[in-house]
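File shown: final.pdb. Contents: PDB, C-alpha atoms.
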```
ATOM      1  CA  SER A 917      -0.426 -93.352 -50.287
ATOM      2  CA  ASP A 918       2.712 -94.176 -52.204
ATOM      3  CA  VAL A 919       5.079 -91.594 -53.633
ATOM      4  CA  LYS A 920       4.917 -91.984 -57.406
ATOM      5  CA  ASN A 921       7.362 -89.328 -58.529
ATOM      6  CA  VAL A 922      10.105 -87.340 -56.811
ATOM      7  CA  ILE A 923      11.295 -84.121 -58.408
ATOM      8  CA  PRO A 924      14.492 -82.796 -56.826
ATOM      9  CA  ILE A 925      14.891 -79.027 -56.767
ATOM     10  CA  TYR A 926      18.448 -77.802 -56.354
ATOM     11  CA  GLU A 927      19.584 -74.426 -55.132
ATOM     12  CA  CYS A 928      21.116 -72.136 -57.694
ATOM     13  CA  LEU A 929      24.791 -71.617 -57.037
ATOM     14  CA  GLY A 930      26.080 -68.236 -55.930
ATOM     15  CA  LEU A 931      22.802 -66.856 -54.595
ATOM     16  CA  GLU A 932      23.478 -66.843 -50.852
ATOM     17  CA  GLY A 933      24.709 -63.394 -49.924
ATOM     18  CA  SER A 934      24.114 -62.054 -53.430
ATOM     19  CA  SER A 935      22.189 -58.820 -53.794
ATOM     20  CA  GLU A 936      21.769 -59.041 -57.541
ATOM     21  CA  ILE A 937      18.039 -59.218 -58.277
ATOM     22  CA  GLU A 938      18.804 -60.596 -61.736
ATOM     23  CA  ASN A 939      20.358 -63.690 -60.100
ATOM     24  CA  PHE A 940      17.218 -64.291 -58.023
ATOM     25  CA  ILE A 941      14.934 -63.889 -61.028
ATOM     26  CA  ALA A 942      17.092 -66.170 -63.185
ATOM     27  CA  CYS A 943      17.038 -68.832 -60.478
ATOM     28  CA  GLU A 944      13.269 -68.547 -60.055
ATOM     29  CA  VAL A 945      12.756 -68.883 -63.818
ATOM     30  CA  LYS A 946      15.053 -71.941 -63.901
ATOM     31  CA  ILE A 947      13.306 -73.675 -60.979
ATOM     32  CA  LEU A 948       9.866 -72.927 -62.417
ATOM     33  CA  SER A 949      10.947 -74.224 -65.822
ATOM     34  CA  ASP A 950      12.402 -77.406 -64.266
ATOM     35  CA  LEU A 951       9.176 -78.031 -62.345
ATOM     36  CA  LYS A 952       7.014 -77.520 -65.424
ATOM     37  CA  LYS A 953       9.251 -79.845 -67.498
ATOM     38  CA  SER A 954       9.089 -82.510 -64.802
ATOM     39  CA  LEU A 955       5.290 -82.321 -64.667
ATOM     40  CA  GLN A 956       4.870 -82.020 -68.443
ATOM     41  CA  GLY A 957       3.112 -84.875 -70.168
ATOM     42  CA  SER A 958       1.437 -86.009 -66.988
ATOM     43  CA  SER A 959      -1.821 -84.864 -65.549
ATOM     44  CA  SER A 960      -0.059 -84.773 -62.213
ATOM     45  CA  LYS A 961       0.477 -81.746 -60.045
ATOM     46  CA  LEU A 962       2.540 -81.309 -56.913
ATOM     47  CA  HIS A 963       0.881 -82.841 -53.865
ATOM     48  CA  LEU A 964       3.859 -82.402 -51.561
ATOM     49  CA  LEU A 965       6.754 -79.960 -51.534
ATOM     50  CA  VAL A 966       9.478 -80.571 -48.952
ATOM     51  CA  LEU A 967      12.230 -78.126 -48.110
ATOM     52  CA  ASP A 968      14.816 -79.895 -45.987
ATOM     53  CA  GLY A 969      17.036 -78.316 -43.353
ATOM     54  CA  SER A 970      19.687 -77.380 -45.910
ATOM     55  CA  ALA A 971      17.310 -75.220 -47.968
ATOM     56  CA  SER A 972      18.472 -71.633 -47.576
ATOM     57  CA  TYR A 973      16.545 -68.466 -46.827
ATOM     58  CA  VAL A 974      16.973 -67.423 -50.473
ATOM     59  CA  MET A 975      15.561 -70.749 -51.685
ATOM     60  CA  HIS A 976      12.519 -70.230 -49.455
ATOM     61  CA  GLN A 977      12.086 -66.740 -50.940
ATOM     62  CA  ILE A 978      12.211 -68.101 -54.481
ATOM     63  CA  LEU A 979       9.770 -70.930 -53.766
ATOM     64  CA  ASN A 980       7.485 -68.457 -51.996
ATOM     65  CA  SER A 981       7.470 -66.302 -55.122
ATOM     66  CA  ILE A 982       6.568 -69.358 -57.219
ATOM     67  CA  ALA A 983       3.942 -70.732 -54.819
ATOM     68  CA  VAL A 984       1.994 -67.509 -54.186
ATOM     69  CA  SER A 985       1.420 -66.823 -57.880
ATOM     70  CA  ASP A 986      -2.200 -67.545 -58.819
ATOM     71  CA  ILE A 987      -1.094 -68.983 -62.152
ATOM     72  CA  ASN A 988       1.399 -71.352 -60.518
ATOM     73  CA  GLN A 989      -1.054 -72.365 -57.808
ATOM     74  CA  GLY A 990      -3.430 -73.594 -60.480
ATOM     75  CA  SER A 991      -0.901 -75.158 -62.839
ATOM     76  CA  LEU A 992       1.683 -76.629 -60.442
ATOM     77  CA  PHE A 993      -0.066 -77.459 -57.191
ATOM     78  CA  HIS A 994      -2.831 -79.970 -56.572
ATOM     79  CA  TYR A 995      -5.871 -78.394 -54.906
ATOM     80  CA  HIS A 996      -4.985 -80.381 -51.758
ATOM     81  CA  SER A 997      -1.281 -79.792 -51.376
ATOM     82  CA  ILE A 998       1.124 -79.979 -48.465
ATOM     83  CA  ILE A 999       4.310 -77.966 -48.101
ATOM     84  CA  VAL A1000       6.816 -78.927 -45.407
ATOM     85  CA  THR A1001       9.939 -77.236 -44.118
ATOM     86  CA  TRP A1002      12.392 -78.560 -41.548
ATOM     87  CA  SER A1003      14.438 -76.628 -39.001
ATOM     88  CA  SER A1004      17.068 -77.630 -36.463
ATOM     89  CA  ASP A1005      17.431 -74.100 -35.059
ATOM     90  CA  LEU A1006      14.132 -72.945 -33.585
ATOM     91  CA  THR A1007      15.392 -69.520 -32.501
ATOM     92  CA  THR A1008      17.164 -68.129 -35.577
ATOM     93  CA  GLU A1009      15.257 -69.844 -38.399
ATOM     94  CA  THR A1010      11.868 -68.284 -37.754
ATOM     95  CA  TRP A1011      11.786 -67.307 -41.432
ATOM     96  CA  ARG A1012      10.784 -70.914 -42.165
ATOM     97  CA  ARG A1013       7.572 -70.320 -40.201
ATOM     98  CA  GLU A1014       7.068 -67.024 -42.024
ATOM     99  CA  PHE A1015       7.405 -68.817 -45.364
ATOM    100  CA  LEU A1016       4.552 -71.180 -44.461
ATOM    101  CA  ASP A1017       2.502 -68.398 -42.921
ATOM    102  CA  ARG A1018       2.720 -66.378 -46.144
ATOM    103  CA  LEU A1019       1.348 -69.378 -48.017
ATOM    104  CA  ARG A1020      -1.493 -69.696 -45.500
ATOM    105  CA  LYS A1021      -2.346 -66.018 -45.923
ATOM    106  CA  THR A1022      -2.167 -66.292 -49.721
ATOM    107  CA  VAL A1023      -4.724 -69.098 -49.786
ATOM    108  CA  GLU A1024      -6.641 -66.875 -47.364
ATOM    109  CA  TYR A1025      -9.740 -68.986 -46.701
ATOM    110  CA  ASP A1026     -10.397 -72.221 -44.866
ATOM    111  CA  PRO A1027      -9.561 -74.970 -45.206
ATOM    112  CA  ALA A1028      -5.884 -73.975 -45.085
ATOM    113  CA  VAL A1029      -3.627 -74.403 -42.061
ATOM    114  CA  ARG A1030      -0.060 -73.977 -40.918
ATOM    115  CA  ALA A1031       1.146 -76.257 -38.147
ATOM    116  CA  GLU A1032       4.300 -76.698 -36.087
ATOM    117  CA  ILE A1033       5.406 -80.117 -34.864
ATOM    118  CA  VAL A1034       8.434 -80.215 -32.564
ATOM    119  CA  PHE A1035      10.654 -83.279 -32.200
ATOM    120  CA  GLN A1036      12.953 -83.591 -29.189
ATOM    121  CA  ALA A1037      15.541 -86.362 -29.038
ATOM    122  CA  GLY A1038      19.092 -86.702 -27.821
ATOM    123  CA  GLY A1039      19.114 -83.225 -26.281
ATOM    124  CA  LYS A1040      18.231 -81.568 -29.597
ATOM    125  CA  SER A1041      15.016 -80.015 -30.880
ATOM    126  CA  TYR A1042      13.767 -79.959 -34.447
ATOM    127  CA  GLU A1043      10.691 -78.341 -35.934
ATOM    128  CA  MET A1044       8.644 -79.516 -38.855
ATOM    129  CA  GLY A1045       6.489 -76.754 -40.274
ATOM    130  CA  ILE A1046       3.523 -77.890 -42.334
ATOM    131  CA  PHE A1047       1.195 -75.984 -44.635
ATOM    132  CA  SER A1048      -1.888 -77.853 -45.836
ATOM    133  CA  SER A1049      -4.539 -76.575 -48.221
ATOM    134  CA  ASP A1050      -8.036 -77.850 -48.885
ATOM    135  CA  ASN A1051      -8.083 -80.379 -46.063
ATOM    136  CA  GLU A1052     -11.499 -80.563 -44.407
ATOM    137  CA  ASN A1053     -10.140 -82.206 -41.212
ATOM    138  CA  PRO A1054      -6.681 -80.716 -40.633
ATOM    139  CA  SER A1055      -6.703 -80.958 -36.834
ATOM    140  CA  TYR A1056      -7.585 -84.649 -36.854
ATOM    141  CA  ASP A1057      -5.115 -85.436 -39.630
ATOM    142  CA  LEU A1058      -2.307 -83.558 -37.903
ATOM    143  CA  GLU A1059      -3.005 -85.352 -34.635
ATOM    144  CA  LYS A1060      -2.973 -88.729 -36.442
ATOM    145  CA  PHE A1061       0.318 -87.749 -38.072
ATOM    146  CA  GLU A1062       1.758 -86.770 -34.673
ATOM    147  CA  ARG A1063       0.784 -90.176 -33.216
ATOM    148  CA  ARG A1064       2.196 -92.088 -36.211
ATOM    149  CA  VAL A1065       5.521 -90.278 -35.910
ATOM    150  CA  GLN A1066       5.584 -90.867 -32.142
ATOM    151  CA  ASP A1067       4.980 -94.591 -32.731
ATOM    152  CA  ARG A1068       7.852 -94.728 -35.227
ATOM    153  CA  LEU A1069      10.233 -92.763 -32.976
ATOM    154  CA  PRO A1070       9.606 -94.214 -29.507
ATOM    155  CA  GLY A1071      12.668 -92.525 -27.949
ATOM    156  CA  ALA A1072      11.665 -89.063 -29.140
ATOM    157  CA  ASN A1073       9.140 -86.600 -27.811
ATOM    158  CA  VAL A1074       6.836 -85.461 -30.621
ATOM    159  CA  GLU A1075       4.514 -82.547 -29.962
ATOM    160  CA  LEU A1076       2.019 -80.772 -32.193
ATOM    161  CA  ARG A1077       2.424 -77.251 -30.821
ATOM    162  CA  ASN A1078       0.462 -74.883 -33.015
ATOM    163  CA  ILE A1079      -2.199 -74.946 -35.688
ATOM    164  CA  HIS A1080      -2.981 -71.654 -37.421
ATOM    165  CA  GLY A1081      -6.035 -71.653 -39.661
ATOM    166  CA  ALA A1082      -7.097 -69.367 -42.453
ATOM    167  CA  LEU A1083     -10.136 -67.104 -42.521
ATOM    168  CA  TYR A1084     -13.614 -68.568 -42.476
ATOM    169  CA  ARG A1085     -15.581 -67.951 -45.618
ATOM    170  CA  PHE A1086     -18.228 -65.266 -45.373
ATOM    171  CA  ILE A1087     -21.760 -66.674 -45.525
ATOM    172  CA  ASP A1088     -23.943 -63.999 -47.029
ATOM    173  CA  ASP A1089     -27.304 -65.407 -45.981
ATOM    174  CA  TYR A1090     -26.195 -66.681 -42.571
ATOM    175  CA  ASN A1091     -29.138 -66.846 -40.201
ATOM    176  CA  PRO A1092     -28.018 -68.254 -36.844
ATOM    177  CA  THR A1093     -30.380 -69.456 -34.163
ATOM    178  CA  GLU A1094     -30.195 -67.077 -31.248
ATOM    179  CA  PHE A1095     -30.838 -68.085 -27.652
ATOM    180  CA  LYS A1096     -31.710 -65.853 -24.714
ATOM    181  CA  GLN A1097     -30.384 -66.262 -21.209
ATOM    182  CA  GLU A1098     -33.883 -67.256 -20.084
ATOM    183  CA  ASP A1099     -33.675 -70.301 -22.378
ATOM    184  CA  TYR A1100     -31.112 -71.864 -20.021
ATOM    185  CA  ASP A1101     -31.627 -73.240 -16.529
ATOM    186  CA  SER A1102     -29.542 -70.982 -14.280
ATOM    187  CA  ALA A1103     -30.553 -72.641 -10.984
ATOM    188  CA  PRO A1104     -27.364 -74.767 -10.628
ATOM    189  CA  GLY A1105     -25.198 -71.695 -11.167
ATOM    190  CA  ARG A1106     -27.123 -69.597  -8.678
ATOM    191  CA  GLU A1107     -26.944 -72.410  -6.088
ATOM    192  CA  GLN A1108     -23.189 -72.711  -6.509
ATOM    193  CA  TYR A1109     -22.771 -68.930  -6.256
ATOM    194  CA  ALA A1110     -24.861 -68.859  -3.046
ATOM    195  CA  LYS A1111     -22.584 -71.503  -1.449
ATOM    196  CA  GLN A1112     -19.414 -69.497  -2.051
TER
END
```

Just dump the structure as structure tokens.
Amino acid sequence: SDVKNVIPIYECLGLEGSSEIENFIACEVKILSDLKKSLQGSSSKLHLLVLDGSASYVMHQILNSIAVSDINQGSLFHYHSIIVTWSSDLTTETWRREFLDRLRKTVEYDPAVRAEIVFQAGGKSYEMGIFSSDNENPSYDLEKFERRVQDRLPGANVELRNIHGALYRFIDDYNPTEFKQEDYDSAPGREQYAKQ
């Protein structure tokens, strides 16, 4: 579908390397206020949040604090939302994966997934981390996305490497059908074993 509204979120100046908690809190309050103002007057919520390769560790921490809040999840994010982060350094920027994994664990129950898609082109590797909530077919949708990107970037190698799901919901009155070994024909297996 088409993108109807883009809301840029800028990093607060002077945060990188700062240990002042007041600076972090002030930045979080400012970003949250800017998001709420941008969404005010519309019935719209965030469907997609993208953190590009220039987004710092501190910015990820602040957006994590905003995104994991139950109040913000309900007021800012659409029930089916996607959060993406981009990395050009797969060895030292593992915190980008941790950011998405924290979101996956916050949502806790299926359907919520975190995926890693690696792009290789021109001797360089890039990773797109994706968090998706309330998607009933995440594996199929991620595979379709991988193929679409591969079609658009024919010179690149695009690989969906990992999909990490959330917990399955507990079914209180679950009554599975149980089968015994005698219910299966074991003759082919025994014949193969005898020939070994």

Distance query His963 (chain A) at most 8 Å, only C-alpha atoms, self and fewer than 3 positions along chain excluded, as a PyMOL selection string: chain A and resi 993-994+996-998

Keeping only C-alpha atoms, take the residues you just selected and write them out as a PDB file, in the frame of the given file.
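Final output, saved to selection33.pdb:
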```pdb
ATOM      1  CA  PHE A 993      -0.066 -77.459 -57.191  1.00  0.00           C
ATOM      2  CA  HIS A 994      -2.831 -79.970 -56.572  1.00  0.00           C
ATOM      3  CA  HIS A 996      -4.985 -80.381 -51.758  1.00  0.00           C
ATOM      4  CA  SER A 997      -1.281 -79.792 -51.376  1.00  0.00           C
ATOM      5  CA  ILE A 998       1.124 -79.979 -48.465  1.00  0.00           C
TER       6      ILE A 998
END
```

Any idea what's packed within 6 Å of Thr1001 (chain A), counting only C-alpha atoms, ignoring anything in its chain fewer than 6 positions away? Could you give it as a list of chain:residue names?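 Those residues are A:Val966, A:Leu967, A:Asp968, A:Met1044, A:Gly1045.
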
Report the residues retrieved by the PyMOL selection byres ((chain A and resi 1050-1056) around 12) from the displayed file, expressed as an mmCIF file with C-alpha atoms, in the frame of the given file.
```cif
data_model
loop_
_atom_site.group_PDB
_atom_site.id
_atom_site.type_symbol
_atom_site.label_atom_id
_atom_site.label_comp_id
_atom_site.auth_asym_id
_atom_site.auth_seq_id
_atom_site.Cartn_x
_atom_site.Cartn_y
_atom_site.Cartn_z
ATOM 1 C CA HIS A 963 0.881 -82.841 -53.865
ATOM 2 C CA PHE A 993 -0.066 -77.459 -57.191
ATOM 3 C CA HIS A 994 -2.831 -79.970 -56.572
ATOM 4 C CA TYR A 995 -5.871 -78.394 -54.906
ATOM 5 C CA HIS A 996 -4.985 -80.381 -51.758
ATOM 6 C CA SER A 997 -1.281 -79.792 -51.376
ATOM 7 C CA ILE A 998 1.124 -79.979 -48.465
ATOM 8 C CA ARG A 1020 -1.493 -69.696 -45.500
ATOM 9 C CA VAL A 1023 -4.724 -69.098 -49.786
ATOM 10 C CA GLU A 1024 -6.641 -66.875 -47.364
ATOM 11 C CA TYR A 1025 -9.740 -68.986 -46.701
ATOM 12 C CA ASP A 1026 -10.397 -72.221 -44.866
ATOM 13 C CA PRO A 1027 -9.561 -74.970 -45.206
ATOM 14 C CA ALA A 1028 -5.884 -73.975 -45.085
ATOM 15 C CA VAL A 1029 -3.627 -74.403 -42.061
ATOM 16 C CA ARG A 1030 -0.060 -73.977 -40.918
ATOM 17 C CA ALA A 1031 1.146 -76.257 -38.147
ATOM 18 C CA GLU A 1032 4.300 -76.698 -36.087
ATOM 19 C CA ILE A 1046 3.523 -77.890 -42.334
ATOM 20 C CA PHE A 1047 1.195 -75.984 -44.635
ATOM 21 C CA SER A 1048 -1.888 -77.853 -45.836
ATOM 22 C CA SER A 1049 -4.539 -76.575 -48.221
ATOM 23 C CA ASP A 1057 -5.115 -85.436 -39.630
ATOM 24 C CA LEU A 1058 -2.307 -83.558 -37.903
ATOM 25 C CA GLU A 1059 -3.005 -85.352 -34.635
ATOM 26 C CA LYS A 1060 -2.973 -88.729 -36.442
ATOM 27 C CA PHE A 1061 0.318 -87.749 -38.072
ATOM 28 C CA GLU A 1062 1.758 -86.770 -34.673
ATOM 29 C CA ARG A 1063 0.784 -90.176 -33.216
ATOM 30 C CA LEU A 1076 2.019 -80.772 -32.193
ATOM 31 C CA ARG A 1077 2.424 -77.251 -30.821
ATOM 32 C CA ASN A 1078 0.462 -74.883 -33.015
ATOM 33 C CA ILE A 1079 -2.199 -74.946 -35.688
ATOM 34 C CA HIS A 1080 -2.981 -71.654 -37.421
ATOM 35 C CA GLY A 1081 -6.035 -71.653 -39.661
ATOM 36 C CA ALA A 1082 -7.097 -69.367 -42.453
#
```

For a cutoff of 7 Å around the file-coordinate point (1.6, -71.6, -53.2), which residues qualify once you count all atoms listed in the file? I'd like the result as a PyMOL selection string. chain A and resi 980+982-985+989+1019

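For the set A:Ser970, A:Ile937, A:Leu964, A:Glu944, the residue with the smallest atom-to-atom gap to Asp918 (chain A) is A:Leu964, counting all atoms listed in the file.
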
Residues within 12 Å of Lys920 (chain A), only C-alpha atoms, excluding chain neighbours under 2 positions, as number ranges by chain: A: 917-918, 922-923, 958, 960-964

With C-alpha atoms retained, export the selected residues as an mmCIF file, in the frame of the given file.
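Saved to part_25.cif:
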```
data_model
loop_
_atom_site.group_PDB
_atom_site.id
_atom_site.type_symbol
_atom_site.label_atom_id
_atom_site.label_comp_id
_atom_site.auth_asym_id
_atom_site.auth_seq_id
_atom_site.Cartn_x
_atom_site.Cartn_y
_atom_site.Cartn_z
ATOM 1 C CA SER A 917 -0.426 -93.352 -50.287
ATOM 2 C CA ASP A 918 2.712 -94.176 -52.204
ATOM 3 C CA VAL A 922 10.105 -87.340 -56.811
ATOM 4 C CA ILE A 923 11.295 -84.121 -58.408
ATOM 5 C CA SER A 958 1.437 -86.009 -66.988
ATOM 6 C CA SER A 960 -0.059 -84.773 -62.213
ATOM 7 C CA LYS A 961 0.477 -81.746 -60.045
ATOM 8 C CA LEU A 962 2.540 -81.309 -56.913
ATOM 9 C CA HIS A 963 0.881 -82.841 -53.865
ATOM 10 C CA LEU A 964 3.859 -82.402 -51.561
#
```

For region 1049-1056 of chain A, what centre and edge lengths in Å (one decimal) does the axis-aligned box get once 5 Å is added on each side of all its listed atoms, as JSON?
```
{"center_x": -8.0, "center_y": -80.6, "center_z": -42.9, "size_x": 17.0, "size_y": 18.1, "size_z": 22.1}
```

Mind pulling up the distance from CA of Asp1017 (chain A) to CA of Arg1064 (chain A)?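 Result for CA of Arg1064 (chain A) versus CA of Asp1017 (chain A): 24.6 Å, one decimal.
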
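Comparing A:Gln1036, A:Thr1007, A:Asn1091, A:Ser1102 by their smallest distance to Glu1075 (chain A), the closest is A:Gln1036 (using all atoms listed in the file).
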